[in-house]
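Shown next: data05.cif, containing mmCIF, C-alpha atoms.
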data_start
loop_
_atom_site.label_atom_id
_atom_site.label_comp_id
_atom_site.auth_asym_id
_atom_site.auth_seq_id
_atom_site.Cartn_x
_atom_site.Cartn_y
_atom_site.Cartn_z
CA MET A 949 29.79 80.07 23.18
CA LYS A 950 27.60 77.17 24.25
CA PRO A 951 28.95 74.78 26.88
CA GLY A 952 30.72 71.92 25.23
CA GLN A 953 31.18 73.74 21.93
CA GLN A 954 34.70 73.13 20.70
CA PHE A 955 37.35 75.30 19.12
CA TYR A 956 39.53 74.97 16.04
CA PRO A 957 43.28 74.75 16.75
CA ARG A 958 43.96 78.39 15.79
CA SER A 959 47.74 78.56 16.21
CA PHE A 960 48.33 75.35 14.31
CA MET A 961 45.98 76.46 11.54
CA ALA A 962 47.57 79.91 11.39
CA ARG A 963 50.95 78.30 10.82
CA CYS A 964 49.63 76.01 8.09
CA ILE A 965 47.48 78.59 6.29
CA TYR A 966 50.12 81.30 6.30
CA ALA A 967 52.79 78.80 5.21
CA TRP A 968 50.42 77.91 2.36
CA LEU A 969 49.97 81.63 1.59
CA PHE A 970 53.74 82.10 1.70
CA LEU A 971 54.15 79.32 -0.87
CA ILE A 972 51.64 81.11 -3.10
CA LEU A 973 53.76 84.26 -2.80
CA VAL A 974 56.84 82.18 -3.67
CA TYR A 975 54.94 80.95 -6.74
CA PHE A 976 54.27 84.60 -7.65
CA PHE A 977 57.97 85.35 -7.22
CA LEU A 978 59.05 82.41 -9.37
CA ASN A 979 56.63 83.57 -12.04
CA HIS A 980 57.75 87.20 -12.14
CA SER A 981 54.54 88.60 -10.74
CA LEU A 982 55.32 90.24 -7.45
CA LEU A 983 54.97 94.00 -7.82
CA TYR A 984 58.69 94.74 -8.06
CA GLN A 985 59.03 92.17 -10.83
CA LEU A 986 56.41 93.79 -13.05
CA SER A 987 59.01 96.28 -14.37
CA LEU A 988 56.86 99.42 -14.01
CA PRO A 989 53.87 98.73 -16.28
CA PRO A 990 52.58 101.99 -17.78
CA LEU A 991 48.87 101.10 -18.14
CA ILE A 992 46.26 100.70 -15.44
CA TYR A 993 42.94 98.89 -15.57
CA ILE A 994 40.07 99.85 -13.29
CA GLY A 995 37.02 98.27 -14.95
CA THR A 996 33.75 99.16 -13.28
CA ASP A 997 34.40 97.80 -9.78
CA ASN A 998 33.98 100.65 -7.27
CA THR A 999 36.65 99.23 -4.97
CA PHE A 1000 39.14 99.30 -7.83
CA TRP A 1001 38.08 102.88 -8.50
CA LEU A 1002 38.54 103.85 -4.87
CA PHE A 1003 42.03 102.36 -4.62
CA HIS A 1004 43.07 104.02 -7.88
CA LEU A 1005 41.54 107.35 -6.84
CA PHE A 1006 43.86 107.28 -3.84
CA GLY A 1007 46.66 106.43 -6.28
CA LEU A 1008 47.95 103.44 -4.34
CA PRO A 1009 48.23 100.86 -7.17
CA GLN A 1010 49.69 103.48 -9.53
CA PHE A 1011 52.26 104.47 -6.92
CA LEU A 1012 53.35 100.88 -6.34
CA LEU A 1013 53.38 100.08 -10.06
CA GLN A 1014 55.42 103.16 -10.92
CA HIS A 1015 58.02 103.22 -8.14
CA SER A 1016 60.31 100.21 -8.09
CA GLY A 1017 61.67 101.07 -4.64
CA ALA A 1018 58.19 101.23 -3.13
CA ALA A 1019 57.20 98.02 -4.96
CA LEU A 1020 60.26 96.21 -3.61
CA ALA A 1021 59.57 97.44 -0.07
CA PHE A 1022 55.95 96.34 -0.42
CA ASP A 1023 56.94 92.84 -1.61
CA VAL A 1024 59.46 92.46 1.20
CA ILE A 1025 56.98 93.60 3.87
CA LEU A 1026 54.24 91.35 2.52
CA THR A 1027 56.35 88.19 2.31
CA THR A 1028 58.18 88.72 5.61
CA SER A 1029 54.99 89.51 7.54
CA CYS A 1030 53.41 86.39 6.10
CA LEU A 1031 56.41 84.25 7.00
CA ALA A 1032 56.76 85.86 10.44
CA PHE A 1033 53.12 85.04 11.20
CA VAL A 1034 53.90 81.36 10.58
CA PHE A 1035 56.33 81.52 13.49
CA ILE A 1036 54.44 84.01 15.70
CA PRO A 1037 50.75 83.25 15.08
CA ASP A 1038 49.63 85.26 18.12
CA ARG A 1039 50.84 88.58 16.66
CA THR A 1040 47.71 89.50 14.73
CA ILE A 1041 49.34 92.69 13.44
CA LEU A 1042 51.36 90.45 11.10
CA ALA A 1043 48.15 88.88 9.81
CA TRP A 1044 46.66 92.35 9.25
CA ILE A 1045 49.74 93.43 7.25
CA SER A 1046 49.65 90.20 5.20
CA VAL A 1047 45.93 90.49 4.46
CA ALA A 1048 46.13 94.18 3.52
CA GLY A 1049 49.19 93.39 1.40
CA CYS A 1050 47.44 90.54 -0.44
CA TRP A 1051 44.42 92.73 -1.26
CA ILE A 1052 46.64 95.57 -2.51
CA LEU A 1053 48.72 93.07 -4.49
CA TYR A 1054 45.56 91.61 -6.04
CA ILE A 1055 44.22 95.00 -7.13
CA SER A 1056 47.61 96.21 -8.40
CA TYR A 1057 48.30 92.99 -10.28
CA CYS A 1058 44.83 93.01 -11.91
CA SER A 1059 45.38 96.66 -12.81
CA ALA A 1060 48.66 95.83 -14.56
CA ALA A 1061 47.28 92.68 -16.22
CA GLY A 1062 44.25 94.49 -17.64
CA HIS A 1063 41.58 92.25 -16.17
CA GLN A 1064 39.89 91.52 -12.86
CA PHE A 1065 40.63 87.89 -12.05
CA ALA A 1066 38.49 85.49 -10.07
CA GLN A 1067 41.38 83.79 -8.24
CA ILE A 1068 40.57 85.08 -4.78
CA GLY A 1069 41.20 82.20 -2.38
CA TYR A 1070 44.34 83.86 -1.03
CA LEU A 1071 42.30 86.97 -0.22
CA LEU A 1072 39.53 85.27 1.73
CA ILE A 1073 40.95 82.50 3.88
CA PRO A 1074 43.70 84.46 5.72
CA LEU A 1075 41.01 86.89 6.97
CA ALA A 1076 40.01 84.45 9.72
CA PHE A 1077 43.33 84.99 11.52
CA LEU A 1078 42.85 88.71 12.03
CA VAL A 1079 41.40 87.85 15.44
CA LYS A 1080 43.24 86.17 18.27
CA ASP A 1081 40.41 85.26 20.60
CA GLU A 1082 39.52 81.59 20.16
CA ALA A 1083 35.76 82.09 20.14
CA LYS A 1084 35.96 84.91 17.59
CA PHE A 1085 38.34 82.93 15.44
CA ASN A 1086 36.01 79.95 15.57
CA LEU A 1087 33.18 82.14 14.34
CA MET A 1088 35.32 83.78 11.64
CA TRP A 1089 36.49 80.43 10.32
CA LYS A 1090 32.92 79.16 10.11
CA LEU A 1091 31.77 82.36 8.40
CA ILE A 1092 34.53 82.07 5.81
CA ARG A 1093 33.60 78.45 5.22
CA TYR A 1094 30.00 79.59 4.64
CA TRP A 1095 31.28 82.34 2.34
CA VAL A 1096 33.12 79.79 0.16
CA CYS A 1097 30.02 77.53 0.10
CA PHE A 1098 27.90 80.53 -0.83
CA LEU A 1099 30.18 81.68 -3.69
CA TYR A 1100 30.24 78.26 -5.34
CA PHE A 1101 26.56 77.59 -4.72
CA CYS A 1102 25.79 80.95 -6.37
CA GLY A 1103 28.02 79.88 -9.29
CA GLY A 1104 25.68 76.91 -9.78
CA VAL A 1105 22.54 79.04 -9.45
CA TYR A 1106 23.88 81.57 -11.97
CA LYS A 1107 24.55 78.77 -14.48
CA ILE A 1108 20.88 77.84 -14.29
CA TYR A 1109 19.51 81.39 -13.99
CA TYR A 1110 21.46 82.77 -16.99
CA GLY A 1111 20.60 79.76 -19.13
CA GLY A 1112 23.98 78.08 -19.60
CA PHE A 1113 22.77 74.88 -17.93
CA ALA A 1114 19.96 74.22 -20.41
CA PHE A 1115 21.69 75.50 -23.55
CA ASP A 1116 22.85 72.39 -25.42
CA ASP A 1117 25.79 74.00 -27.26
CA ASN A 1118 27.11 75.89 -24.25
CA MET A 1119 30.10 73.85 -23.12
CA ALA A 1120 31.23 73.08 -26.67
CA GLU A 1121 31.21 76.82 -27.39
CA ILE A 1122 33.05 77.63 -24.18
CA LEU A 1123 35.65 75.01 -25.13
CA ARG A 1124 36.01 76.49 -28.62
CA ALA A 1125 36.40 80.02 -27.26
CA MET A 1126 38.80 79.10 -24.47
CA ASN A 1127 40.88 76.73 -26.59
CA ALA A 1128 41.28 78.65 -29.85
CA GLU A 1129 44.78 79.67 -28.83
CA TRP A 1130 45.59 76.27 -27.31
CA LEU A 1131 44.57 74.37 -30.47
CA PHE A 1132 46.59 76.79 -32.58
CA LEU A 1133 49.73 76.52 -30.46
CA LYS A 1134 49.47 72.86 -29.47
CA PRO A 1135 47.99 70.92 -32.39
CA GLY A 1136 48.90 67.50 -30.98
CA GLY A 1137 48.88 65.61 -27.70
CA TRP A 1138 46.39 63.79 -25.52
CA ARG A 1139 45.05 66.93 -23.88
CA THR A 1140 44.38 68.54 -27.27
CA GLU A 1141 42.73 65.33 -28.48
CA THR A 1142 40.47 65.21 -25.42
CA ILE A 1143 39.43 68.84 -25.91
CA ALA A 1144 38.81 68.25 -29.64
CA TYR A 1145 36.76 65.15 -28.83
CA LEU A 1146 34.54 67.14 -26.47
CA ILE A 1147 34.11 69.94 -29.02
CA ASP A 1148 32.92 67.30 -31.50
CA HIS A 1149 30.64 65.63 -28.93
CA LYS A 1150 28.52 68.51 -27.69
CA ALA A 1151 26.19 66.40 -25.59
CA MET A 1152 29.07 64.95 -23.63
CA ALA A 1153 30.64 68.39 -23.20
CA GLN A 1154 27.34 69.81 -21.97
CA GLY A 1155 27.00 66.83 -19.62
CA LEU A 1156 30.28 67.89 -18.01
CA TYR A 1157 29.00 71.46 -17.70
CA GLN A 1158 25.85 70.21 -16.01
CA LEU A 1159 27.91 68.00 -13.73
CA ALA A 1160 30.01 71.04 -12.78
CA THR A 1161 26.79 72.95 -12.05
CA ILE A 1162 25.64 70.14 -9.77
CA LEU A 1163 29.01 70.15 -7.98
CA ASP A 1164 28.59 73.91 -7.47
CA LEU A 1165 25.06 73.45 -6.17
CA LEU A 1166 26.13 70.69 -3.80
CA MET A 1167 28.09 73.28 -1.86
CA VAL A 1168 24.78 74.26 -0.26
CA ILE A 1169 25.14 71.16 1.90
CA GLY A 1170 27.94 72.95 3.70
CA PHE A 1171 25.39 75.35 5.21
CA PHE A 1172 23.62 72.58 7.06
CA THR A 1173 26.27 70.09 8.10
CA TYR A 1174 30.00 69.50 8.42
CA ARG A 1175 29.57 65.77 7.93
CA PHE A 1176 30.15 65.88 4.18
CA ASP A 1177 33.09 68.30 4.15
CA ARG A 1178 35.40 65.61 2.83
CA TRP A 1179 33.10 65.13 -0.16
CA LEU A 1180 32.71 68.86 -0.69
CA LEU A 1181 36.50 69.14 -0.69
CA ILE A 1182 36.78 66.33 -3.25
CA SER A 1183 34.14 67.95 -5.46
CA LEU A 1184 35.94 71.31 -5.27
CA VAL A 1185 39.24 69.69 -6.24
CA ILE A 1186 37.60 67.84 -9.16
CA PHE A 1187 35.88 71.06 -10.26
CA HIS A 1188 39.14 73.01 -10.34
CA LEU A 1189 41.19 70.20 -11.89
CA SER A 1190 38.61 69.94 -14.69
CA ASN A 1191 38.70 73.71 -15.20
CA TYR A 1192 42.46 73.56 -15.39
CA PHE A 1193 42.53 70.60 -17.74
CA LEU A 1194 39.85 71.80 -20.17
CA LEU A 1195 39.84 75.59 -19.84
CA HIS A 1196 43.42 76.25 -18.64
CA ILE A 1197 42.27 78.09 -15.53
CA SER A 1198 44.99 77.68 -12.96
CA PHE A 1199 43.94 77.52 -9.31
CA VAL A 1200 47.16 78.12 -7.41
CA GLU A 1201 45.86 81.37 -5.88
CA GLN A 1202 42.43 79.82 -5.42
CA SER A 1203 43.76 76.67 -3.73
CA LEU A 1204 43.36 78.14 -0.25
CA ILE A 1205 39.57 77.80 -0.55
CA PHE A 1206 40.08 74.08 0.03
CA ALA A 1207 41.29 74.85 3.56
CA PRO A 1208 37.89 75.36 5.29
CA PHE A 1209 36.91 71.80 4.38
CA LEU A 1210 39.96 70.11 5.87
CA PRO A 1211 39.59 68.22 9.18
CA TRP A 1212 41.81 70.58 11.17
CA GLN A 1213 41.20 69.08 14.59
CA ALA A 1214 42.17 65.63 13.39
CA ILE A 1215 45.25 66.92 11.54
CA ALA A 1216 46.39 68.96 14.56
CA LYS A 1217 45.83 65.97 16.82
CA ARG A 1218 48.01 63.78 14.63
CA ILE A 1219 50.77 66.28 13.92
CA VAL A 1220 51.04 68.57 16.94
CA ASN A 1221 50.25 66.28 19.84
CA PRO A 1222 49.32 62.70 19.05
CA ASN A 1223 48.65 62.03 22.76
CA HIS A 1224 46.57 65.13 23.35
CA ASN A 1225 42.84 64.51 23.60
CA ASP A 1226 41.92 67.32 21.22
CA ARG A 1227 38.43 68.71 21.33
CA SER A 1228 36.38 68.05 18.25
CA ARG A 1229 33.99 70.43 16.57
CA MET B 25 31.23 90.89 14.65
CA PHE B 26 27.48 90.29 14.38
CA TRP B 27 26.82 93.67 12.77
CA ILE B 28 29.78 93.37 10.41
CA THR B 29 28.36 90.03 9.26
CA VAL B 30 24.86 91.44 8.83
CA ILE B 31 26.15 94.48 6.88
CA PHE B 32 28.28 92.19 4.73
CA ILE B 33 25.34 89.88 3.93
CA LEU B 34 23.13 92.88 3.07
CA GLY B 35 25.90 94.29 0.87
CA GLN B 36 26.28 90.95 -0.91
CA ILE B 37 22.52 90.73 -1.54
CA PHE B 38 22.44 94.34 -2.77
CA PHE B 39 25.27 93.86 -5.27
CA MET B 40 23.87 90.51 -6.44
CA PHE B 41 20.56 92.22 -7.08
CA LYS B 42 22.30 95.05 -8.95
CA GLY B 43 24.48 92.51 -10.82
CA ILE B 44 27.67 94.50 -10.16
CA GLU B 45 30.81 93.07 -8.62
CA ASN B 46 32.43 95.28 -6.01
CA ILE B 47 35.10 93.44 -4.08
CA PRO B 48 34.77 91.97 -1.49
CA PHE B 49 31.22 91.28 -2.74
CA PHE B 50 32.24 88.73 -5.35
CA LEU B 51 29.84 87.42 -7.98
CA TYR B 52 30.81 84.02 -9.32
CA HIS B 53 28.92 83.98 -12.60
CA MET B 54 31.71 83.13 -15.03
CA PHE B 55 30.61 80.92 -17.95
CA SER B 56 27.00 80.99 -16.71
CA THR B 57 25.48 82.77 -19.72
CA LYS B 58 24.50 81.11 -23.00
CA HIS B 59 27.49 81.05 -25.35
CA GLN B 60 26.10 81.45 -28.86
CA PRO B 61 27.93 79.49 -31.59
CA GLN B 62 30.60 81.52 -33.37
CA SER B 63 32.31 80.47 -36.57
CA SER B 64 35.60 82.11 -35.64
CA TYR B 65 37.49 83.78 -32.79
CA LEU B 66 39.98 86.62 -32.84
CA ILE B 67 42.90 85.95 -30.53
CA LEU B 68 46.20 87.64 -29.74
CA ALA B 69 49.36 85.64 -30.34
CA ILE B 70 52.99 86.37 -29.55
CA LYS B 71 55.17 86.44 -32.64
CA THR B 72 58.96 86.46 -32.44
CA ASP B 73 61.80 86.36 -34.97
CA LYS B 74 61.82 82.59 -34.40
CA GLY B 75 58.13 82.08 -35.10
CA PHE B 76 55.06 81.97 -32.86
CA PHE B 77 55.88 81.82 -29.19
CA ASP B 78 54.08 79.12 -27.19
CA SER B 79 52.39 81.40 -24.66
CA LYS B 80 50.64 78.37 -23.17
CA CYS B 81 53.93 77.23 -21.69
CA LEU B 82 53.90 80.31 -19.45
CA SER B 83 52.39 80.27 -15.97
CA ASN B 84 48.93 81.79 -15.59
CA ARG B 85 50.48 84.88 -13.92
CA GLU B 86 52.92 85.57 -16.75
CA TYR B 87 50.34 84.76 -19.39
CA GLU B 88 47.82 87.18 -17.87
CA LEU B 89 50.42 89.94 -17.73
CA LEU B 90 51.49 89.46 -21.34
CA ILE B 91 48.23 88.60 -23.08
CA GLY B 92 45.67 90.13 -20.68
CA SER B 93 47.42 93.48 -20.67
CA ALA B 94 47.87 93.31 -24.47
CA GLU B 95 44.10 92.85 -24.86
CA HIS B 96 43.60 95.90 -22.65
CA TYR B 97 46.16 97.84 -24.70
CA ALA B 98 44.48 96.76 -27.97
CA LYS B 99 41.18 98.28 -26.78
CA LEU B 100 42.86 101.47 -25.58
CA HIS B 101 44.87 101.69 -28.80
CA THR B 102 41.76 101.36 -30.98
CA THR B 103 39.15 103.35 -29.09
CA GLY B 104 41.06 105.29 -26.43
CA ASP B 105 40.34 104.98 -22.72
CA PRO B 106 36.56 104.83 -22.11
CA THR B 107 37.10 105.68 -18.42
CA SER B 108 36.56 109.43 -19.04
CA LYS B 109 32.94 108.78 -19.99
CA LEU B 110 32.43 106.64 -16.90
CA ILE B 111 33.98 109.36 -14.73
CA ASP B 112 31.55 111.89 -16.20
CA SER B 113 28.58 109.63 -15.48
CA ARG B 114 29.75 108.85 -11.94
CA PHE B 115 31.24 112.16 -10.79
CA GLY B 116 29.83 114.65 -13.31
CA LYS B 117 27.38 116.11 -10.83
CA MET B 118 29.99 116.47 -8.09
CA GLY B 119 31.89 119.32 -9.68
CA SER B 120 34.75 119.79 -12.10
CA GLU B 121 37.46 119.59 -9.44
CA LEU B 122 36.65 115.98 -8.60
CA THR B 123 36.13 115.10 -12.25
CA ASN B 124 39.52 116.56 -13.18
CA TYR B 125 41.21 114.77 -10.30
CA ALA B 126 39.56 111.45 -11.26
CA ASN B 127 40.59 111.90 -14.90
CA GLU B 128 44.15 112.53 -13.82
CA GLN B 129 44.23 109.44 -11.59
CA LEU B 130 42.17 106.92 -13.54
CA VAL B 131 42.57 107.57 -17.25
CA ASN B 132 45.45 106.13 -19.27
CA ASP B 133 46.87 109.07 -21.21
CA SER B 134 48.36 108.82 -24.69
CA ILE B 135 51.94 108.79 -23.31
CA SER B 136 51.21 105.72 -21.14
CA ILE B 137 49.56 104.00 -24.08
CA GLU B 138 52.59 104.75 -26.28
CA GLN B 139 54.96 103.40 -23.63
CA TYR B 140 53.14 100.07 -23.36
CA PRO B 141 54.85 98.12 -26.22
CA ARG B 142 58.28 99.00 -24.80
CA TRP B 143 57.22 97.78 -21.34
CA TRP B 144 55.74 94.62 -22.85
CA ALA B 145 59.03 93.91 -24.65
CA ARG B 146 60.99 94.47 -21.42
CA TYR B 147 58.77 92.10 -19.44
CA PHE B 148 58.77 89.49 -22.21
CA THR B 149 62.58 89.58 -22.36
CA LYS B 150 62.73 89.18 -18.61
CA ILE B 151 60.59 86.04 -18.51
CA THR B 152 62.02 84.41 -21.63
CA GLY B 153 65.65 85.10 -20.73
CA GLY B 154 66.51 87.20 -23.79
CA LYS B 155 66.25 84.40 -26.36
CA PHE B 156 64.66 86.52 -29.09
CA ASN B 157 65.67 89.52 -31.21
CA THR B 158 62.17 90.80 -31.90
CA ALA B 159 58.76 90.03 -30.42
CA GLY B 160 55.30 91.47 -30.52
CA ILE B 161 51.61 90.76 -30.67
CA VAL B 162 49.67 89.81 -33.76
CA TYR B 163 45.98 89.16 -34.25
CA MET B 164 45.00 85.67 -35.35
CA ARG B 165 41.62 84.66 -36.71
CA ILE B 166 40.85 81.09 -35.65
CA SER B 167 38.01 79.45 -37.60
CA TYR B 168 36.55 76.09 -36.68
CA ILE B 169 35.41 73.21 -38.86
CA GLY B 170 34.20 70.82 -36.20
CA SER B 171 37.13 70.66 -33.82
CA GLN B 172 39.67 71.38 -36.57
CA ILE B 173 40.99 74.92 -36.77
CA ILE B 174 42.10 77.14 -39.60
CA ALA B 175 44.38 79.94 -38.40
CA LYS B 176 44.68 83.12 -40.42
CA ARG B 177 47.14 85.80 -39.50
CA GLY B 178 45.76 89.29 -39.08
CA ASP B 179 47.27 92.69 -38.36
CA ILE B 180 50.28 93.32 -36.17
CA LEU B 181 49.30 95.09 -32.95
CA PHE B 182 52.94 95.97 -32.28
CA MET B 183 56.39 94.52 -32.85
CA GLU B 184 59.41 95.50 -30.77
CA LYS B 185 63.15 95.03 -31.05
CA LEU B 186 64.37 93.22 -27.95
CA ARG B 187 68.07 93.86 -28.52
CA GLU B 188 70.10 96.18 -30.67
#
Representation of the structure as structure tokens:
Amino acid sequence: MKPGQQFYPRSFMARCIYAWLFLILVYFFLNHSLLYQLSLPPLIYIGTDNTFWLFHLFGLPQFLLQHSGAALAFDVILTTSCLAFVFIPDRTILAWISVAGCWILYISYCSAAGHQFAQIGYLLIPLAFLVKDEAKFNLMWKLIRYWVCFLYFCGGVYKIYYGGFAFDDNMAEILRAMNAEWLFLKPGGWRTETIAYLIDHKAMAQGLYQLATILDLLMVIGFFTYRFDRWLLISLVIFHLSNYFLLHISFVEQSLIFAPFLPWQAIAKRIVNPNHNDRSR
Amino acid sequence: MFWITVIFILGQIFFMFKGIENIPFFLYHMFSTKHQPQSSYLILAIKTDKGFFDSKCLSNREYELLIGSAEHYAKLHTTGDPTSKLIDSRFGKMGSELTNYANEQLVNDSISIEQYPRWWARYFTKITGGKFNTAGIVYMRISYIGSQIIAKRGDILFMEKLRE
């Protein structure tokens, strides 16, 4: 660590991030999707992902999905370890249990739901807290921030590389495909009217797609400077709100990816110790 | 830490080059391909004794479990589990013991497939609070004229009694 280089407020962040993660788990609970609540689904889905294959070869998701007692124990351990880490952020073993639990939950849930979902924010961000040492944590947090920038930047590059960006009908077709069920079930209302308007006005719909691509590509800025993190955060929020509004892609699980772009030092300074002269990045 | 990062970056580049997602090497390429115009779309809808159920009022988690798993079931029901072929191509050369073990662990057998509609009904009852007597999944063909849709009911995938 170079002289003068400053640290993130790890303990404060651990409390906030794991409280956030705990709320996501509460959301899962309220929506009947913790493992115990799945009522022993008989089918599994493994797709082509080798990690899914590996987990299923060891039989872990099947075991948890087929034994209600084990599923209940798993849910209890996951949620209590997550909550306990909020109060004891120096006990990294709790973070390890929470992270392992979230990854197993993700794979088991996807297996039961028959699809591999892209809502992975709650898998990535808590990883930074597996280390206790301030310097290592600082590095981990920065690496995860770069990882998030990289994923979204790649999303933008893929949209250009695979041709979606320059294909005039693309967004209108995506809207038609993603909203067939919505338009059938909800024939009226302002949201339906907005979607229908965009389907009818392909150029405008494609303009939104291209704007989303640009927002994705802008994440590359995060590799070079922290100065625009506020704007990157705003663009991520707009991107996900638009996805939710037009394509019905919820981002509750993904919401944790906003965390690396928050001004943690300033927040900690205001909340934890307003008089403390906190070190800035 | 340095070497873990280097290995991770190399792994990410490798899987991007191969175009295969292997978590934690995520590939964010959703909606990036050209979507060719289609005149109609086949969707799955939930039908109950009280009419079509508004599955869009469910949370994403519940919706994925009810509709996502039903799409998976529909494929298995029609064509059987294609995993056996994948197991042969991946483990075929490693001996029959491993292949048999993988088949046992990874392939949905006919009993599991048969049990699915009953599980679906149980889960649906749980999240809707037992308001319906029967429920199941039907295919719907949604055709577009501009932004207007014409919905045509197709076959029933399954229909279950929720209470006696």
Self-check item: Output of the PyMOL selection byres ((chain A) within 8 of (chain B)), listed as a PyMOL selection string
Solution: chain A and resi 976+979-981+986-994+997-999+1001+1004-1005+1007+1060-1063+1066+1099-1100+1102-1103+1106-1113+1115+1117-1119+1121-1122+1124-1125+1128-1133+1144-1145+1147-1148+1197-1198
Quiz item: Which one of A:Met961, A:Phe1172, A:Thr996, A:Leu973 sits closest to B:Gly43 if you count all atoms listed in the file?
Solution: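 Under the stated criterion, the closest residue is A:Thr996.
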Exercise. Fewer than 5 positions away in the same chain doesn't count, so skip those; otherwise give me all residues within 10 Å of stretch 1041-1046 of chain A, counting only C-alpha atoms, as a ChimeraX atom specification.
Key: /A:962,966,969-970,1025-1034,1036,1051-1052,1071,1074-1079
Practice problem: Could you please determine the separation between atom CA of A:Cys1097 and atom CA of A:Arg1039 in Å, to one decimal place? | Solution: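 Interatomic distance, atom CA of A:Cys1097 to atom CA of A:Arg1039: 28.8 Å.
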Practice problem: Would you kindly return, as a list in words, each protein, DNA or RNA residue with an atom no farther than 10 Å from any atom of A:His1196, considering all atoms listed in the file and excluding same-chain residues fewer than 2 positions away? | Solution: Met1126, Asn1127, Trp1130, His1188, Leu1189, Ser1190, Asn1191, Tyr1192, Phe1193, Leu1194, Ser1198 and Phe1199 of chain A; Lys80 and Asn84 of chain B
How would the residues just chosen look if you wrote them out with C-alpha atoms as an mmCIF file, in the frame of the given file?
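Output saved as out_4.cif:
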data_model
loop_
_atom_site.group_PDB
_atom_site.id
_atom_site.type_symbol
_atom_site.label_atom_id
_atom_site.label_comp_id
_atom_site.auth_asym_id
_atom_site.auth_seq_id
_atom_site.Cartn_x
_atom_site.Cartn_y
_atom_site.Cartn_z
ATOM 1 C CA MET A 1126 38.800 79.100 -24.470
ATOM 2 C CA ASN A 1127 40.880 76.730 -26.590
ATOM 3 C CA TRP A 1130 45.590 76.270 -27.310
ATOM 4 C CA HIS A 1188 39.140 73.010 -10.340
ATOM 5 C CA LEU A 1189 41.190 70.200 -11.890
ATOM 6 C CA SER A 1190 38.610 69.940 -14.690
ATOM 7 C CA ASN A 1191 38.700 73.710 -15.200
ATOM 8 C CA TYR A 1192 42.460 73.560 -15.390
ATOM 9 C CA PHE A 1193 42.530 70.600 -17.740
ATOM 10 C CA LEU A 1194 39.850 71.800 -20.170
ATOM 11 C CA SER A 1198 44.990 77.680 -12.960
ATOM 12 C CA PHE A 1199 43.940 77.520 -9.310
ATOM 13 C CA LYS B 80 50.640 78.370 -23.170
ATOM 14 C CA ASN B 84 48.930 81.790 -15.590
#
